[in-house]
>>> print(open('run_28.txt').read())   # compact mmCIF, C-alpha atoms
# COMPACT_ATOMS: atom_id res chain seq x y z
CA MET A 1 57.29 -9.92 28.79
CA LEU A 2 56.24 -11.86 25.69
CA MET A 3 52.46 -12.18 25.19
CA LEU A 4 50.08 -13.01 22.35
CA THR A 5 47.39 -10.49 21.51
CA ASN A 6 45.43 -12.12 18.67
CA ASP A 7 42.22 -14.07 19.19
CA THR A 8 41.42 -17.26 17.27
CA PRO A 9 39.57 -15.79 14.25
CA LYS A 10 42.18 -13.08 13.77
CA TYR A 11 45.23 -15.34 13.97
CA HIS A 12 43.77 -17.86 11.52
CA SER A 13 43.28 -15.13 8.93
CA LYS A 14 46.81 -13.79 9.54
CA ILE A 15 48.28 -17.27 9.26
CA ASP A 16 46.25 -17.83 6.09
CA ASP A 17 47.69 -14.59 4.68
CA ILE A 18 51.23 -15.74 5.51
CA ALA A 19 50.58 -19.13 3.90
CA ASN A 20 49.18 -17.46 0.77
CA ARG A 21 52.28 -15.28 0.48
CA LEU A 22 54.55 -18.31 0.93
CA SER A 23 52.60 -20.19 -1.73
CA ASP A 24 52.86 -17.23 -4.12
CA TRP A 25 56.62 -16.91 -3.54
CA LYS A 26 57.07 -20.62 -4.11
CA ALA A 27 55.11 -20.42 -7.38
CA GLN A 28 57.08 -17.36 -8.54
CA ILE A 29 60.44 -18.99 -7.83
CA GLN A 30 59.45 -22.23 -9.53
CA ALA A 31 58.04 -20.34 -12.54
CA ARG A 32 61.21 -18.34 -12.98
CA TYR A 33 63.59 -21.26 -12.38
CA LYS A 34 61.96 -24.24 -14.07
CA HIS A 35 64.19 -26.95 -12.57
CA THR A 36 63.91 -25.68 -9.01
CA ARG A 37 61.91 -27.25 -6.20
CA VAL A 38 61.10 -25.07 -3.22
CA ILE A 39 60.47 -26.65 0.16
CA ILE A 40 59.13 -24.41 2.89
CA LEU A 41 60.43 -25.42 6.32
CA GLU A 42 57.97 -26.10 9.11
CA CYS A 43 58.00 -24.14 12.35
CA PRO A 44 58.92 -25.95 15.60
CA PRO A 45 56.94 -25.31 18.80
CA TYR A 46 57.95 -22.47 21.12
CA SER A 47 57.22 -21.63 24.75
CA ILE A 48 56.20 -18.21 25.98
CA VAL A 49 56.60 -19.33 29.61
CA ALA A 50 60.17 -20.58 29.06
CA TYR A 51 61.06 -17.39 27.17
CA ASN A 52 59.70 -15.15 29.92
CA LYS A 53 61.49 -17.25 32.57
CA ALA A 54 64.80 -17.05 30.65
CA ASN A 55 64.47 -13.26 30.49
CA GLY A 56 64.06 -12.98 34.25
CA HIS A 57 60.42 -11.94 34.55
CA PRO A 58 59.20 -12.19 38.16
CA ASN A 59 56.10 -14.27 37.34
CA PRO A 60 56.72 -15.85 33.91
CA ALA A 61 53.73 -18.21 34.02
CA GLU A 62 51.17 -15.45 34.69
CA GLY A 63 48.78 -15.68 31.76
CA SER A 64 51.43 -17.40 29.67
CA LEU A 65 50.35 -21.02 30.06
CA GLU A 66 47.18 -20.47 28.00
CA GLN A 67 49.14 -18.38 25.53
CA THR A 68 51.74 -21.12 25.08
CA ALA A 69 48.93 -23.59 24.37
CA ARG A 70 47.38 -21.14 21.90
CA LEU A 71 50.77 -20.58 20.26
CA GLU A 72 51.19 -24.36 19.86
CA GLN A 73 47.79 -24.48 18.13
CA GLN A 74 48.78 -21.63 15.83
CA ILE A 75 52.06 -23.35 14.94
CA TYR A 76 50.24 -26.64 14.32
CA TYR A 77 47.81 -24.82 12.00
CA LEU A 78 50.68 -23.05 10.19
CA ASN A 79 52.57 -26.33 9.74
CA ALA A 80 49.47 -27.99 8.29
CA LEU A 81 49.26 -25.17 5.73
CA ILE A 82 52.98 -25.47 4.98
CA ARG A 83 52.60 -29.23 4.39
CA ASN A 84 49.73 -28.46 2.03
CA ILE A 85 51.84 -25.90 0.15
CA ASN A 86 54.78 -28.31 -0.09
CA ASN A 87 52.48 -31.04 -1.45
CA LYS A 88 50.68 -28.68 -3.86
CA ASN A 89 51.46 -29.15 -7.54
CA LEU A 90 53.15 -32.43 -6.70
CA LYS A 91 53.13 -34.64 -9.75
CA VAL A 92 52.29 -38.13 -8.54
CA THR A 93 53.17 -40.54 -11.31
CA THR A 94 52.50 -43.66 -9.30
CA LYS A 95 49.23 -45.50 -8.78
CA GLN A 96 48.16 -44.18 -5.36
CA SER A 97 48.96 -41.49 -2.85
CA LYS A 98 47.95 -41.17 0.78
CA VAL A 99 48.84 -39.26 3.95
CA ASP A 100 51.27 -40.76 6.47
CA LEU A 101 51.36 -40.23 10.26
CA ASN A 102 53.19 -36.90 9.92
CA ASN A 103 50.55 -35.61 7.45
CA ASN A 104 53.03 -35.89 4.59
CA LEU A 105 51.93 -37.20 1.23
CA THR A 106 53.25 -40.67 0.47
CA GLU A 107 53.29 -42.48 -2.83
CA SER A 108 52.92 -46.14 -3.72
CA ASP A 109 55.15 -47.42 -6.48
CA LYS A 110 54.26 -50.11 -9.00
CA ALA A 111 55.23 -52.88 -6.55
CA GLY A 112 52.87 -51.41 -3.93
CA LYS A 113 55.68 -50.25 -1.63
CA THR A 114 55.03 -46.93 0.08
CA LYS A 115 57.67 -44.25 -0.23
CA PRO A 116 57.53 -40.81 1.40
CA ASN A 117 57.16 -37.60 -0.53
CA ARG A 118 60.69 -36.24 -0.62
CA TYR A 119 59.55 -32.65 -1.12
CA THR A 120 58.54 -32.01 2.47
CA SER A 121 60.14 -30.20 5.34
CA PRO A 122 62.02 -32.15 7.99
CA ASN A 123 59.73 -32.63 10.99
CA PHE A 124 61.46 -30.41 13.55
CA SER A 125 58.63 -30.87 16.06
CA SER A 126 59.46 -34.55 16.46
CA ASP A 127 62.91 -33.61 17.81
CA VAL A 128 61.42 -31.84 20.83
CA LEU A 129 58.53 -34.23 21.55
CA ARG A 130 58.91 -36.57 24.49
CA GLN A 131 56.60 -39.27 25.74
CA THR A 132 55.63 -40.63 29.11
CA LYS A 133 53.85 -43.87 29.72
CA TYR A 134 52.82 -45.17 33.07
CA GLN A 135 51.65 -48.69 33.69
CA LYS A 136 48.16 -49.35 32.29
CA GLN A 137 47.84 -45.78 31.02
CA GLN A 138 47.83 -44.23 27.61
CA THR A 139 51.07 -42.72 26.30
CA LYS A 140 51.18 -38.95 26.75
CA TYR A 141 53.30 -36.64 24.63
CA TYR A 142 54.73 -33.29 25.63
CA VAL A 143 57.17 -30.76 24.23
CA ASP A 144 60.52 -30.66 26.03
CA TYR A 145 61.46 -26.98 26.10
CA LYS A 146 64.71 -27.72 27.97
CA VAL A 147 66.45 -28.29 24.62
CA TYR A 148 65.91 -24.60 23.81
CA THR A 149 68.20 -21.96 25.30
CA ASP A 150 65.29 -19.64 26.12
CA GLY A 151 62.08 -21.31 24.94
CA ILE A 152 62.49 -19.93 21.42
CA HIS A 153 66.08 -20.42 20.25
CA PRO A 154 67.41 -23.99 19.96
CA GLY A 155 70.35 -25.07 22.07
CA PRO A 156 73.62 -25.97 20.32
CA ALA A 157 72.87 -29.70 20.03
CA LEU A 158 69.34 -29.10 18.70
CA ALA A 159 70.58 -26.48 16.22
CA LYS A 160 73.17 -28.95 14.89
CA LEU A 161 70.51 -31.66 14.60
CA TRP A 162 68.17 -29.36 12.66
CA LEU A 163 71.00 -28.24 10.38
CA ARG A 164 71.90 -31.90 9.78
CA ARG A 165 68.27 -32.69 8.89
CA ILE A 166 68.17 -29.81 6.40
CA CYS A 167 71.49 -30.86 4.85
CA GLN A 168 70.34 -34.49 4.59
CA ARG A 169 67.20 -33.35 2.77
CA ILE A 170 69.29 -31.24 0.37
CA ILE A 171 71.61 -34.17 -0.34
CA GLN A 172 68.65 -36.50 -0.78
CA LEU A 173 66.97 -34.19 -3.32
CA CYS A 174 69.93 -32.68 -5.15
CA TYR A 175 72.52 -35.44 -5.45
>>> encode(input="run_28.txt", output="structure tokens")
Amino acid sequence: MLMLTNDTPKYHSKIDDIANRLSDWKAQIQARYKHTRVIILECPPYSIVAYNKANGHPNPAEGSLEQTARLEQQIYYLNALIRNINNKNLKVTTKQSKVDLNNNLTESDKAGKTKPNRYTSPNFSSDVLRQTKYQKQQTKYYVDYKVYTDGIHPGPALAKLWLRRICQRIIQLCY
């Protein structure tokens, strides 16, 4: 049975350590290979409940609902740090820069048109988010874990979509 053991203060420091290592590796690679840009990919959400259910545990939701929510918070925190690392040392040669809805840095060119920072990870989380809206109610978003084979590993269609997004980003930046 999959379970989290870290409390909030501990996991933030561990995630900070991971982010610092990623930032150091990115700096080392870019220092050694001057014409290289490194983009660290963001982490999509996962479900402990769906994973335990897929592995045949008799009571997969026992204690796992809170842990899935905590895991989502940890992933959100990690992704915020990854966005920060990807935007670090970004040379903005245009007049202004600001943050868009996905927390990615955007730039304004001389004509005032906003263009996204190309050196960011594809937003994998948006591919599993679904929304519900009932009449006269606010739109609610949730993660659809049915597109995963077991709550952690993407199904074939989702894996192809993510690979396509990565390839599109490579083509956009390299060619």
>>> residues_around(input="run_28.txt", residues="region 82-86 of chain A", least_positions_apart="6", cutoff="8 Å", atoms="all atoms listed in the file", output="list in words")
Ala19, Ser23, Val38, Ile39, Ile40, Leu41, Glu42, Asn103, Asn104, Tyr119, Thr120 and Ser121 of chain A
>>> residues_near_point(input="run_28.txt", point="(51.1, -34.2, 26.3)", cutoff="9 Å", atoms="all atoms listed in the file", output="list in words")
Leu129, Arg130, Gln131, Thr132, Thr139, Lys140, Tyr141, Tyr142 and Val143 of chain A
>>> closest_residue(input="run_28.txt", among="A:Lys133, A:Gln172, A:Gly155, A:Asn79", to="Ile18 (chain A)", atoms="all atoms listed in the file")
A:Asn79
>>> residues_around(input="run_28.txt", residues="Ala157 (chain A)", least_positions_apart="5", cutoff="10 Å", atoms="all atoms listed in the file", output="compact mmCIF listing (two decimals) with C-alpha atoms, keeping the file's coordinate frame")
# COMPACT_ATOMS: atom_id res chain seq x y z
CA VAL A 147 66.45 -28.29 24.62
CA TYR A 148 65.91 -24.60 23.81
CA TRP A 162 68.17 -29.36 12.66
CA LEU A 163 71.00 -28.24 10.38
>>> closest_residue(input="run_28.txt", among="A:Tyr76, A:Asp24, A:Pro154, A:Pro122", to="Gln168 (chain A)", atoms="only C-alpha atoms")
A:Pro122
>>> atom_distance(input="run_28.txt", atom1="CA of Asn87 (chain A)", atom2="CA of Tyr46 (chain A)")
24.8 Å
>>> closest_residue(input="run_28.txt", among="A:Ala159, A:Val128, A:Ile75, A:Leu173", to="Asp16 (chain A)", atoms="only C-alpha atoms")
A:Ile75
>>> atom_distance(input="run_28.txt", atom1="CA of Asn59 (chain A)", atom2="CA of Lys146 (chain A)")
18.5 Å
>>> closest_residue(input="run_28.txt", among="A:Leu71, A:Ala50, A:Ile29, A:Cys43", to="His12 (chain A)", atoms="only C-alpha atoms")
A:Leu71
>>> atom_distance(input="run_28.txt", atom1="CA of Gln28 (chain A)", atom2="CA of Phe124 (chain A)")
26.0 Å
